[in-house]
>>> print(open('input_18.txt').read())   # compact mmCIF, C-alpha atoms
# COMPACT_ATOMS: atom_id res chain seq x y z
CA MET M 256 3.62 5.98 9.49
CA MET M 257 5.76 5.81 6.35
CA LYS M 258 8.20 2.91 6.33
CA ILE M 259 11.92 3.76 6.02
CA MET M 260 14.40 1.38 4.40
CA LYS M 261 17.91 1.46 3.00
CA TYR M 262 18.58 0.64 -0.62
CA SER M 263 21.04 -2.17 -1.23
CA GLY M 264 20.20 -3.16 -4.77
CA GLN M 265 16.71 -4.56 -4.18
CA ARG M 266 14.30 -4.88 -7.10
CA ALA M 267 11.49 -2.33 -7.28
CA ASP M 268 8.87 -4.86 -6.19
CA GLU M 269 10.93 -5.56 -3.06
CA LEU M 270 11.25 -1.87 -2.22
CA LEU M 271 7.64 -0.83 -2.37
CA ASN M 272 4.08 -1.95 -2.16
CA ARG M 273 2.37 -0.88 -5.36
CA ALA M 274 -1.28 -1.41 -4.57
CA GLU M 275 -3.57 -2.89 -7.16
CA GLU M 276 -7.32 -2.65 -7.27
CA THR M 277 -8.96 -5.89 -6.26
CA LYS M 278 -10.35 -7.38 -9.45
CA LYS M 279 -13.16 -9.06 -7.54
CA ASP M 280 -15.49 -10.74 -9.99
CA VAL M 281 -16.29 -7.64 -11.99
CA THR M 282 -15.75 -9.06 -15.47
CA ALA M 283 -18.99 -11.04 -15.41
CA ILE M 284 -20.91 -8.06 -14.03
CA VAL M 285 -19.52 -5.67 -16.63
CA SER M 286 -20.07 -8.16 -19.46
CA GLU M 287 -23.74 -8.35 -18.52
CA ILE M 288 -23.99 -4.55 -18.47
CA LEU M 289 -22.41 -4.29 -21.91
CA GLU M 290 -24.70 -6.89 -23.46
CA THR M 291 -27.83 -5.44 -21.85
CA ILE M 292 -27.06 -1.96 -23.16
CA ARG M 293 -26.11 -3.30 -26.59
CA LYS M 294 -29.60 -4.77 -26.85
CA GLY M 295 -31.59 -2.28 -24.79
CA GLY M 296 -30.22 1.14 -25.72
CA ASP M 297 -31.45 4.17 -23.80
CA LYS M 298 -33.89 2.25 -21.59
CA ALA M 299 -31.16 -0.08 -20.38
CA VAL M 300 -28.83 2.87 -19.81
CA LEU M 301 -31.42 4.66 -17.69
CA ASP M 302 -32.21 1.49 -15.75
CA TYR M 303 -28.54 1.14 -14.79
CA CYS M 304 -28.29 4.85 -13.98
CA GLU M 305 -31.20 4.44 -11.57
CA LYS M 306 -29.69 1.28 -10.10
CA PHE M 307 -26.13 2.55 -9.57
CA ASP M 308 -26.49 6.33 -9.22
CA GLY M 309 -29.88 6.41 -7.50
CA VAL M 310 -31.44 8.73 -10.05
CA ARG M 311 -33.21 8.40 -13.41
CA PRO M 312 -32.59 11.61 -15.40
CA GLU M 313 -35.49 12.92 -17.46
CA THR M 314 -33.06 13.30 -20.33
CA LEU M 315 -29.56 11.92 -20.77
CA LEU M 316 -28.21 14.96 -22.59
CA VAL M 317 -27.26 18.18 -20.85
CA THR M 318 -28.93 21.15 -22.55
CA ASP M 319 -27.19 24.33 -23.68
CA ALA M 320 -29.27 26.22 -21.12
CA GLU M 321 -27.98 23.99 -18.33
CA VAL M 322 -24.39 24.62 -19.44
CA GLU M 323 -24.89 28.40 -19.55
CA ALA M 324 -26.57 28.42 -16.14
CA ALA M 325 -23.76 26.34 -14.67
CA TYR M 326 -21.07 28.57 -16.16
CA ASN M 327 -22.74 31.67 -14.73
CA ALA M 328 -23.11 30.00 -11.33
CA VAL M 329 -19.39 29.31 -10.91
CA GLU M 330 -17.43 32.05 -9.15
CA PRO M 331 -15.65 34.35 -11.64
CA GLU M 332 -12.28 33.77 -9.99
CA LEU M 333 -12.47 30.02 -10.68
CA ILE M 334 -13.61 30.67 -14.26
CA ALA M 335 -10.55 32.87 -14.74
CA THR M 336 -8.31 30.16 -13.26
CA MET M 337 -9.75 27.50 -15.54
CA GLU M 338 -9.35 29.77 -18.56
CA LEU M 339 -5.69 30.35 -17.64
CA ALA M 340 -5.18 26.60 -17.29
CA ALA M 341 -6.90 26.01 -20.64
CA ALA M 342 -4.62 28.53 -22.34
CA ASN M 343 -1.51 26.83 -20.93
CA ILE M 344 -2.77 23.37 -21.89
CA GLU M 345 -3.54 24.58 -25.41
CA ARG M 346 -0.13 26.24 -25.78
CA PHE M 347 1.71 23.09 -24.73
CA HIS M 348 -0.33 20.67 -26.82
CA LEU M 349 -0.26 22.80 -29.97
CA GLN M 350 3.44 21.99 -30.15
CA GLN M 351 2.60 18.27 -30.35
CA LYS M 352 0.56 18.58 -33.52
CA ARG M 353 1.96 16.78 -36.55
CA THR M 354 1.03 17.31 -40.19
CA GLY M 355 2.50 14.27 -41.95
CA PHE M 356 5.08 14.28 -44.74
CA VAL M 357 5.73 13.59 -48.43
CA ASP M 358 8.93 11.94 -49.68
CA THR M 359 10.13 11.47 -53.28
CA PRO M 360 13.17 9.19 -52.96
CA LYS M 361 13.60 8.78 -56.74
CA ALA M 362 11.93 9.67 -60.01
CA GLY M 363 8.46 8.17 -60.34
CA VAL M 364 8.09 7.36 -56.64
CA VAL M 365 6.06 9.20 -54.02
CA VAL M 366 5.58 7.94 -50.48
CA GLY M 367 4.02 9.81 -47.62
CA GLN M 368 2.06 9.84 -44.43
CA ARG M 369 -1.16 11.61 -43.53
CA VAL M 370 -2.05 12.43 -39.94
CA LEU M 371 -5.82 12.43 -39.57
CA PRO M 372 -8.01 13.16 -36.53
CA LEU M 373 -10.32 10.53 -35.16
CA LYS M 374 -13.91 11.16 -36.16
CA SER M 375 -15.35 10.89 -32.65
CA VAL M 376 -14.10 10.37 -29.10
CA GLY M 377 -15.68 9.91 -25.70
CA LEU M 378 -14.35 11.62 -22.60
CA TYR M 379 -15.12 9.84 -19.35
CA VAL M 380 -15.14 12.20 -16.35
CA PRO M 381 -15.54 10.30 -13.05
CA GLY M 382 -17.72 11.23 -10.12
CA GLY M 383 -17.28 9.49 -6.79
CA THR M 384 -15.40 11.06 -3.90
CA ALA M 385 -14.16 14.01 -5.98
CA ARG M 386 -14.96 15.82 -9.22
CA TYR M 387 -12.17 16.86 -11.55
CA PRO M 388 -12.86 19.79 -13.89
CA SER M 389 -9.11 19.77 -14.61
CA SER M 390 -9.54 16.39 -16.32
CA VAL M 391 -12.17 17.87 -18.62
CA LEU M 392 -9.62 20.42 -19.84
CA MET M 393 -6.77 17.89 -20.07
CA ASP M 394 -8.82 15.42 -22.11
CA ALA M 395 -10.81 17.74 -24.34
CA ILE M 396 -8.24 20.33 -25.41
CA PRO M 397 -5.79 17.90 -27.07
CA ALA M 398 -8.75 16.31 -28.88
CA LYS M 399 -9.82 19.71 -30.20
CA ILE M 400 -6.27 20.50 -31.31
CA ALA M 401 -6.09 17.15 -33.11
CA GLY M 402 -9.20 18.16 -35.05
CA VAL M 403 -11.75 15.73 -33.60
CA LYS M 404 -15.16 16.96 -34.70
CA ASN M 405 -17.41 14.95 -32.38
CA ILE M 406 -16.46 14.97 -28.69
CA VAL M 407 -18.90 13.31 -26.30
CA MET M 408 -18.38 13.73 -22.56
CA THR M 409 -20.02 11.45 -20.02
CA THR M 410 -20.10 12.02 -16.27
CA PRO M 411 -22.34 10.66 -13.50
CA PRO M 412 -25.26 12.84 -12.37
CA ASP M 413 -25.75 13.76 -8.73
CA LYS M 414 -28.73 12.59 -6.68
CA GLU M 415 -30.86 15.34 -8.23
CA GLY M 416 -30.01 14.22 -11.74
CA ASN M 417 -27.68 17.13 -12.47
CA VAL M 418 -24.04 17.45 -13.44
CA PRO M 419 -22.05 19.69 -11.04
CA ALA M 420 -21.76 23.25 -12.32
CA VAL M 421 -17.95 23.31 -12.25
CA ILE M 422 -17.78 20.28 -14.60
CA LEU M 423 -20.15 21.92 -17.07
CA ALA M 424 -18.23 25.21 -16.85
CA ALA M 425 -14.99 23.38 -17.65
CA ALA M 426 -16.70 21.68 -20.60
CA LYS M 427 -17.81 25.04 -21.95
CA ILE M 428 -14.29 26.45 -21.65
CA ALA M 429 -12.85 23.36 -23.39
CA GLY M 430 -15.41 23.54 -26.19
CA VAL M 431 -17.30 20.31 -25.41
CA ARG M 432 -20.88 20.54 -26.62
CA THR M 433 -22.28 17.02 -26.19
CA ILE M 434 -22.50 16.05 -22.53
CA VAL M 435 -24.24 12.92 -21.23
CA LYS M 436 -25.46 12.43 -17.66
CA LEU M 437 -24.06 8.98 -17.27
CA GLY M 438 -21.26 7.22 -15.41
CA GLY M 439 -19.85 3.79 -14.71
CA ALA M 440 -19.58 0.81 -17.05
CA GLN M 441 -22.93 1.80 -18.52
CA ALA M 442 -21.39 5.02 -19.85
CA VAL M 443 -18.59 3.11 -21.55
CA ALA M 444 -21.12 0.69 -23.06
CA ALA M 445 -23.29 3.54 -24.37
CA LEU M 446 -20.28 5.21 -26.00
CA ALA M 447 -18.97 1.95 -27.45
CA TYR M 448 -22.24 0.70 -28.94
CA GLY M 449 -24.18 3.92 -29.34
CA THR M 450 -27.82 4.30 -28.27
CA GLU M 451 -30.81 6.30 -29.46
CA THR M 452 -29.37 9.30 -27.58
CA VAL M 453 -25.68 8.63 -27.00
CA PRO M 454 -23.48 8.81 -30.12
CA LYS M 455 -21.13 5.91 -30.82
CA VAL M 456 -17.46 6.92 -30.61
CA ASP M 457 -14.17 5.52 -31.91
CA LYS M 458 -12.12 5.98 -28.74
CA ILE M 459 -12.74 6.51 -25.03
CA VAL M 460 -10.30 8.34 -22.76
CA GLY M 461 -10.36 9.27 -19.11
CA PRO M 462 -9.93 7.55 -15.73
CA GLY M 463 -12.51 5.57 -13.82
CA ASN M 464 -13.03 2.89 -11.19
CA ILE M 465 -12.50 -0.84 -11.68
CA PHE M 466 -15.86 -1.20 -13.44
CA VAL M 467 -15.07 1.58 -15.90
CA ALA M 468 -11.58 0.21 -16.53
CA THR M 469 -12.93 -3.31 -17.11
CA ALA M 470 -15.60 -2.01 -19.49
CA LYS M 471 -12.94 -0.17 -21.49
CA GLN M 472 -10.79 -3.31 -21.65
CA LEU M 473 -13.67 -5.53 -22.76
CA CYS M 474 -14.89 -3.09 -25.42
CA TYR M 475 -11.35 -2.71 -26.72
CA ALA M 476 -10.92 -6.47 -26.86
CA GLN M 477 -14.09 -6.72 -28.96
CA GLY M 478 -12.69 -4.21 -31.45
CA LEU M 479 -15.44 -1.70 -30.67
CA ILE M 480 -13.23 1.18 -29.55
CA ASP M 481 -9.70 2.25 -28.85
CA VAL M 482 -8.78 3.40 -25.33
CA ASP M 483 -6.12 5.69 -23.90
CA MET M 484 -4.83 3.55 -21.05
CA VAL M 485 -6.11 1.50 -18.15
CA ALA M 486 -5.06 3.73 -15.28
CA GLY M 487 -4.18 2.30 -11.90
CA PRO M 488 -4.02 4.09 -8.53
CA SER M 489 -2.24 7.46 -8.46
CA GLU M 490 1.41 7.60 -7.43
CA ILE M 491 4.24 10.04 -6.75
CA MET M 492 7.97 9.65 -6.20
CA VAL M 493 10.22 12.39 -4.84
CA ILE M 494 14.00 12.48 -5.17
CA ALA M 495 15.46 14.75 -2.48
CA ASP M 496 18.79 15.56 -0.84
CA GLU M 497 19.92 16.95 2.52
CA LYS M 498 19.03 20.51 1.47
CA SER M 499 15.39 19.67 0.83
CA ASN M 500 12.69 21.09 3.07
CA PRO M 501 10.90 18.20 4.85
CA THR M 502 7.72 20.24 5.10
CA HIS M 503 7.64 20.67 1.32
CA VAL M 504 8.48 17.03 0.63
CA ALA M 505 5.82 15.75 3.02
CA ALA M 506 3.20 18.03 1.49
CA ASP M 507 4.06 16.78 -1.99
CA LEU M 508 3.82 13.14 -0.95
CA LEU M 509 0.42 13.74 0.62
CA SER M 510 -0.83 15.57 -2.47
CA GLN M 511 -1.15 12.17 -4.15
CA ALA M 512 -1.87 10.05 -1.08
CA GLU M 513 -5.18 11.90 -0.63
CA HIS M 514 -6.48 10.66 -4.01
CA ASP M 515 -7.49 7.24 -2.72
CA LYS M 516 -6.45 4.53 -0.31
CA LEU M 517 -4.63 2.63 -3.03
CA ALA M 518 -2.44 5.60 -4.02
CA SER M 519 1.31 5.35 -3.47
CA ALA M 520 3.85 7.94 -2.27
CA TRP M 521 7.59 7.25 -2.30
CA LEU M 522 10.69 9.24 -1.34
CA ALA M 523 14.25 8.41 -2.37
CA THR M 524 16.77 10.51 -0.46
CA THR M 525 20.50 10.65 0.15
CA SER M 526 19.91 11.99 3.67
CA GLU M 527 18.92 9.81 6.61
CA LYS M 528 18.19 12.97 8.58
CA LEU M 529 15.73 14.12 5.92
CA ALA M 530 14.13 10.67 5.85
CA PHE M 531 13.16 10.82 9.52
CA ALA M 532 12.18 14.48 9.30
CA VAL M 533 9.81 13.75 6.40
CA GLN M 534 8.38 10.76 8.22
CA ALA M 535 7.53 12.98 11.21
CA GLU M 536 6.23 15.82 9.03
CA VAL M 537 3.90 13.50 7.14
CA GLU M 538 2.32 12.47 10.44
CA LYS M 539 1.95 16.11 11.45
CA GLN M 540 0.33 17.16 8.18
CA LEU M 541 -1.97 14.14 8.04
CA ASP M 542 -3.83 15.44 11.07
CA GLN M 543 -4.72 18.62 9.16
CA LEU M 544 -6.07 17.04 5.97
CA PRO M 545 -9.79 16.99 5.12
CA ARG M 546 -9.25 13.58 3.45
CA GLN M 547 -7.14 12.31 6.35
CA GLU M 548 -8.58 8.79 6.45
CA ILE M 549 -7.87 8.17 2.77
CA ALA M 550 -4.39 9.69 2.88
CA ARG M 551 -3.41 7.87 6.08
CA THR M 552 -4.36 4.48 4.65
CA SER M 553 -2.37 5.24 1.50
CA ILE M 554 0.70 6.34 3.47
CA GLU M 555 0.64 3.46 5.94
CA GLU M 556 -0.03 0.75 3.37
CA ASN M 557 1.86 2.01 0.34
CA GLY M 558 4.18 4.82 1.47
CA ARG M 559 7.95 4.22 1.43
CA ILE M 560 11.07 6.26 2.22
CA ILE M 561 14.17 4.79 0.58
CA ILE M 562 17.64 5.92 1.70
CA VAL M 563 20.19 5.78 -1.14
CA ASP M 564 23.92 6.47 -1.35
CA SER M 565 23.76 9.03 -4.18
CA LEU M 566 21.44 10.96 -6.45
CA GLU M 567 22.56 8.75 -9.31
CA THR M 568 21.35 5.74 -7.35
CA ALA M 569 18.07 7.54 -6.68
CA ALA M 570 17.70 8.05 -10.44
CA LYS M 571 18.35 4.34 -11.00
CA VAL M 572 15.67 3.41 -8.47
CA ALA M 573 13.24 5.87 -10.05
CA ASP M 574 13.83 4.39 -13.49
CA GLU M 575 13.05 0.91 -12.21
CA ILE M 576 9.91 2.06 -10.40
CA ALA M 577 8.75 4.19 -13.39
CA PRO M 578 6.41 6.40 -11.33
CA GLU M 579 3.44 8.34 -12.63
CA HIS M 580 4.77 11.60 -11.11
CA LEU M 581 8.45 12.18 -10.32
CA GLU M 582 9.70 15.23 -8.42
CA VAL M 583 13.41 16.07 -8.48
CA CYS M 584 13.98 18.33 -5.46
CA VAL M 585 17.68 19.12 -5.90
CA ASP M 586 19.78 22.18 -6.82
CA ASP M 587 20.62 20.96 -10.34
CA PRO M 588 17.59 18.98 -11.55
CA PHE M 589 18.53 19.42 -15.21
CA GLY M 590 21.83 17.71 -14.50
CA LEU M 591 19.93 14.65 -13.25
CA LEU M 592 17.31 14.74 -16.01
CA PRO M 593 19.31 12.66 -18.57
CA LEU M 594 19.31 9.77 -16.08
CA LEU M 595 15.52 9.84 -15.66
CA ASN M 596 13.95 7.92 -18.51
CA ASN M 597 10.90 6.19 -17.03
CA ALA M 598 8.33 8.58 -15.59
CA GLY M 599 4.95 9.90 -16.65
CA SER M 600 5.75 13.52 -15.82
CA ILE M 601 8.89 14.98 -14.23
CA PHE M 602 8.83 18.02 -11.94
CA LEU M 603 12.21 19.75 -11.79
CA GLY M 604 13.57 21.76 -8.88
CA ARG M 605 12.52 22.69 -5.38
CA ASN M 606 9.68 24.99 -6.46
CA CYS M 607 7.74 22.65 -8.73
CA PRO M 608 5.17 20.71 -6.68
CA GLU M 609 3.13 18.07 -8.49
CA PRO M 610 -0.17 20.05 -8.34
CA LEU M 611 1.36 22.53 -10.82
CA GLY M 612 1.11 19.74 -13.38
CA ASP M 613 -2.32 18.65 -12.23
CA TYR M 614 -3.86 22.02 -12.89
CA LEU M 615 -1.97 24.82 -14.56
CA ALA M 616 1.45 24.29 -16.14
CA GLY M 617 0.18 22.87 -19.44
CA PRO M 618 1.56 19.31 -19.86
CA ASN M 619 -1.13 16.67 -19.60
CA HIS M 620 -1.97 15.15 -16.23
CA THR M 621 -3.43 11.94 -17.67
CA LEU M 622 -0.34 9.80 -17.13
CA PRO M 623 0.78 6.16 -17.21
CA THR M 624 0.66 4.42 -13.83
CA SER M 625 1.68 1.07 -12.33
CA GLY M 626 5.12 1.13 -13.95
CA THR M 627 3.75 1.46 -17.48
CA ALA M 628 5.77 4.67 -17.97
CA ARG M 629 8.49 2.24 -19.11
CA TYR M 630 6.66 1.93 -22.43
CA SER M 631 3.74 4.34 -22.56
CA SER M 632 3.24 8.09 -22.55
CA PRO M 633 1.03 10.89 -21.21
CA LEU M 634 -2.19 11.65 -23.04
CA GLY M 635 -1.54 14.00 -25.94
CA VAL M 636 -2.60 15.12 -29.38
CA ASP M 637 -1.30 11.91 -30.99
CA ASP M 638 -3.83 9.92 -28.97
CA PHE M 639 -6.61 11.57 -30.95
CA CYS M 640 -5.05 10.98 -34.35
CA ARG M 641 -4.44 8.10 -36.70
CA ARG M 642 -1.80 7.81 -39.40
CA SER M 643 -2.32 6.64 -42.94
CA SER M 644 0.56 6.03 -45.35
CA TYR M 645 0.41 6.18 -49.14
CA ILE M 646 2.59 4.99 -52.03
CA TYR M 647 2.72 5.99 -55.70
CA TYR M 648 4.94 4.35 -58.38
CA THR M 649 4.99 4.95 -62.11
CA ARG M 650 5.27 1.89 -64.39
CA GLU M 651 8.93 2.65 -64.94
CA ALA M 652 9.61 2.92 -61.22
CA LEU M 653 7.85 -0.39 -60.60
CA GLN M 654 9.94 -2.07 -63.29
CA ASP M 655 13.12 -0.90 -61.55
CA VAL M 656 12.26 -2.80 -58.35
CA ALA M 657 10.09 -5.62 -59.71
CA GLU M 658 12.73 -8.32 -59.39
CA ASP M 659 13.44 -7.36 -55.77
CA VAL M 660 9.78 -7.43 -54.81
CA MET M 661 9.17 -10.77 -56.54
CA ARG M 662 12.29 -12.27 -54.97
CA PHE M 663 11.07 -11.30 -51.50
CA ALA M 664 7.57 -12.64 -52.15
CA GLU M 665 8.76 -15.95 -53.53
CA ARG M 666 11.17 -16.49 -50.63
CA GLU M 667 8.16 -16.13 -48.31
CA GLY M 668 6.19 -18.63 -50.40
CA LEU M 669 3.61 -16.07 -51.53
CA GLY M 670 3.36 -16.61 -55.26
CA ALA M 671 0.29 -14.44 -55.73
CA HIS M 672 2.19 -11.53 -54.25
CA ALA M 673 4.94 -11.98 -56.80
CA ASN M 674 2.43 -12.42 -59.60
CA ALA M 675 0.73 -9.10 -58.83
CA VAL M 676 4.02 -7.45 -59.80
CA ARG M 677 4.88 -9.86 -62.64
CA VAL M 678 1.66 -9.28 -64.61
CA ARG M 679 2.38 -5.56 -64.70
CA VAL M 680 6.02 -5.61 -65.78
CA LYS M 681 5.37 -8.20 -68.51
CA GLU M 682 2.65 -6.17 -70.23
>>> encode(input="input_18.txt", output="structure tokens")
Amino acid sequence: MMKIMKYSGQRADELLNRAEETKKDVTAIVSEILETIRKGGDKAVLDYCEKFDGVRPETLLVTDAEVEAAYNAVEPELIATMELAAANIERFHLQQKRTGFVDTPKAGVVVGQRVLPLKSVGLYVPGGTARYPSSVLMDAIPAKIAGVKNIVMTTPPDKEGNVPAVILAAAKIAGVRTIVKLGGAQAVAALAYGTETVPKVDKIVGPGNIFVATAKQLCYAQGLIDVDMVAGPSEIMVIADEKSNPTHVAADLLSQAEHDKLASAWLATTSEKLAFAVQAEVEKQLDQLPRQEIARTSIEENGRIIIVDSLETAAKVADEIAPEHLEVCVDDPFGLLPLLNNAGSIFLGRNCPEPLGDYLAGPNHTLPTSGTARYSSPLGVDDFCRRSSYIYYTREALQDVAEDVMRFAEREGLGAHANAVRVRVKE
């Protein structure tokens, strides 16, 4: 049962239990996997695939024929739904695209910035207890908009050595052409180092388990790749008042609790009556869920209902918690929006359940977790770009600022810096 408490100024860590994955001793295991694949290439990759996934694919790459067959095997209604989602995702992310700028602050001076796509990226699509074709769309479409030419998707094969049809269909819709039957830390290693079959990439995005997350961290630390974020367990927070429907609120909380046992669901409400009604409704709905065991553990271990004295206080609590998903179930959500600064994605109003963002609305569902929304952002087009600045000065323009540059350099004790200017202006 969800725990109910009253807010009296407690810190966020006193209000809730934000579960963390047990680190165990995975770093040594993952380090060994990385080194083995660095040296062994495809053979090492296939050995680990056989060891961890119970299958040794005849080929690591998915063929065009496999993709076409998978696309044709998926029900047309789902294809249409995924195409609608892809269109919304593309529309939203097109507005994020930047083109750089040129500035001429004075005669003889040009400064500017170029925005360039990464050359290659890897998309990690997890397997495990659920498959997420929505993540294929959310990860691939911004990369395509950014202009990335080489997109490599990896995902674990099933026991028959195949990738589920719905994942391949989503990849086709998103325009991903290189798909590797590979999961786990071994997939990250293959993308980071490159093998005879798997292309080396510059960045890896996408969620995964503790082994995948650790592999991403270690490869990033070695300077091999960039990464999007190290995602923690999923989480949702709902702000609601006395007018909110407890059935709706409970359903929204459970929509994230069913992800995994470490997921967190929190409610901040001004109504004690609603708090107890939601608590009861969560118990009622839990009995109907296919993933009841997972959701119940999440709710009992990490679920919290926090009673506050005002919506402004609820906003303050939300800002301190910085949740991945934040629902604002009130009559005037836009009035509260200026107070909500720390959240991965905000869902406004009583008719905007979190799954809208997961699947169809358009904004990205790859979001910062574990309170990192205080300083990080959802996945977007910028994550697949790099910026390069440039400077041009004529000799006359350099002479105008030479003394200032040399003064700065000499104050920092860097005589060679100053001399690089001096030799030019004295010619």
>>> closest_residue(input="input_18.txt", among="M:Ala445, M:Ala486, M:Ala320, M:Ile646", to="M:Gln368", atoms="only C-alpha atoms")
M:Ile646
>>> closest_residue(input="input_18.txt", among="M:Ile494, M:Leu349, M:Val421, M:Val467", to="M:Leu289", atoms="all atoms listed in the file")
M:Val467
>>> residues_around(input="input_18.txt", residues="stretch 405-407 of chain M", least_positions_apart="6", cutoff="12 Å", atoms="only C-alpha atoms", output="PyMOL selection string")
chain M and resi 316-317+372-380+391+394-399+426+429-437+442-443+445-447+449+452-461+639
>>> axis_aligned_box(input="input_18.txt", around="stretch 589-604 of chain M", padding_each_side="6 Å", output="lines of an AutoDock Vina configuration file")
center_x = 13.4
center_y = 14.0
center_z = -13.7
size_x = 28.9
size_y = 27.6
size_z = 21.7
>>> atom_distance(input="input_18.txt", atom1="atom CA of M:Ser286", atom2="atom CA of M:Leu473")
7.7 Å
>>> closest_residue(input="input_18.txt", among="M:Asp638, M:Glu330, M:Glu548, M:Glu345", to="M:Val482", atoms="all atoms listed in the file")
M:Asp638
>>> closest_residue(input="input_18.txt", among="M:Lys539, M:His672, M:Arg353, M:Arg629", to="M:Val370", atoms="only C-alpha atoms")
M:Arg353
>>> residues_near_point(input="input_18.txt", point="(-20.4, 22.8, -13.5)", cutoff="10 Å", atoms="all atoms listed in the file", output="ChimeraX atom specification")
/M:321-329,386,388,417-427
>>> closest_residue(input="input_18.txt", among="M:Asp542, M:Glu609, M:Glu313, M:Glu579", to="M:Pro633", atoms="all atoms listed in the file")
M:Glu579
>>> closest_residue(input="input_18.txt", among="M:Arg642, M:Arg677, M:Lys294, M:His620", to="M:Pro462", atoms="all atoms listed in the file")
M:His620
>>> atom_distance(input="input_18.txt", atom1="atom CA of M:Ser643", atom2="atom CA of M:Ala664")
23.5 Å
>>> residues_around(input="input_18.txt", residues="M:Glu567", least_positions_apart="2", cutoff="8 Å", atoms="only C-alpha atoms", output="PyMOL selection string")
chain M and resi 565+569-571+591+594
>>> atom_distance(input="input_18.txt", atom1="atom CA of M:Tyr448", atom2="atom CA of M:Arg293")
6.0 Å
>>> residues_around(input="input_18.txt", residues="M:Asn464", least_positions_apart="5", cutoff="10 Å", atoms="all atoms listed in the file", output="count of residues only")
12
>>> decode(input="input_18.txt", residues="stretch 423-427 of chain M", atoms="all heavy atoms", output="mmCIF file, in the first residue's frame")
data_model
loop_
_atom_site.group_PDB
_atom_site.id
_atom_site.type_symbol
_atom_site.label_atom_id
_atom_site.label_comp_id
_atom_site.auth_asym_id
_atom_site.auth_seq_id
_atom_site.Cartn_x
_atom_site.Cartn_y
_atom_site.Cartn_z
ATOM 1 N N LEU M 423 11.814 -4.328 -35.460
ATOM 2 C CA LEU M 423 12.314 -4.124 -36.821
ATOM 3 C C LEU M 423 11.385 -3.214 -37.617
ATOM 4 O O LEU M 423 11.854 -2.390 -38.421
ATOM 5 C CB LEU M 423 12.485 -5.469 -37.530
ATOM 6 C CG LEU M 423 13.531 -6.419 -36.924
ATOM 7 C CD1 LEU M 423 13.646 -7.684 -37.760
ATOM 8 C CD2 LEU M 423 14.880 -5.729 -36.817
ATOM 9 N N ALA M 424 10.082 -3.344 -37.401
ATOM 10 C CA ALA M 424 9.131 -2.470 -38.097
ATOM 11 C C ALA M 424 9.338 -1.017 -37.683
ATOM 12 O O ALA M 424 9.320 -0.105 -38.514
ATOM 13 C CB ALA M 424 7.698 -2.910 -37.803
ATOM 14 N N ALA M 425 9.552 -0.792 -36.384
ATOM 15 C CA ALA M 425 9.810 0.569 -35.904
ATOM 16 C C ALA M 425 11.099 1.116 -36.501
ATOM 17 O O ALA M 425 11.188 2.302 -36.859
ATOM 18 C CB ALA M 425 9.876 0.580 -34.381
ATOM 19 N N ALA M 426 12.118 0.263 -36.618
ATOM 20 C CA ALA M 426 13.384 0.688 -37.211
ATOM 21 C C ALA M 426 13.196 1.096 -38.669
ATOM 22 O O ALA M 426 13.772 2.088 -39.131
ATOM 23 C CB ALA M 426 14.416 -0.433 -37.101
ATOM 24 N N LYS M 427 12.388 0.350 -39.396
ATOM 25 C CA LYS M 427 12.117 0.701 -40.785
ATOM 26 C C LYS M 427 11.411 2.051 -40.878
ATOM 27 O O LYS M 427 11.766 2.907 -41.706
ATOM 28 C CB LYS M 427 11.265 -0.390 -41.451
ATOM 29 C CG LYS M 427 10.866 -0.084 -42.907
ATOM 30 C CD LYS M 427 10.053 -1.220 -43.502
ATOM 31 C CE LYS M 427 9.483 -0.836 -44.865
ATOM 32 N NZ LYS M 427 10.551 -0.617 -45.869
#
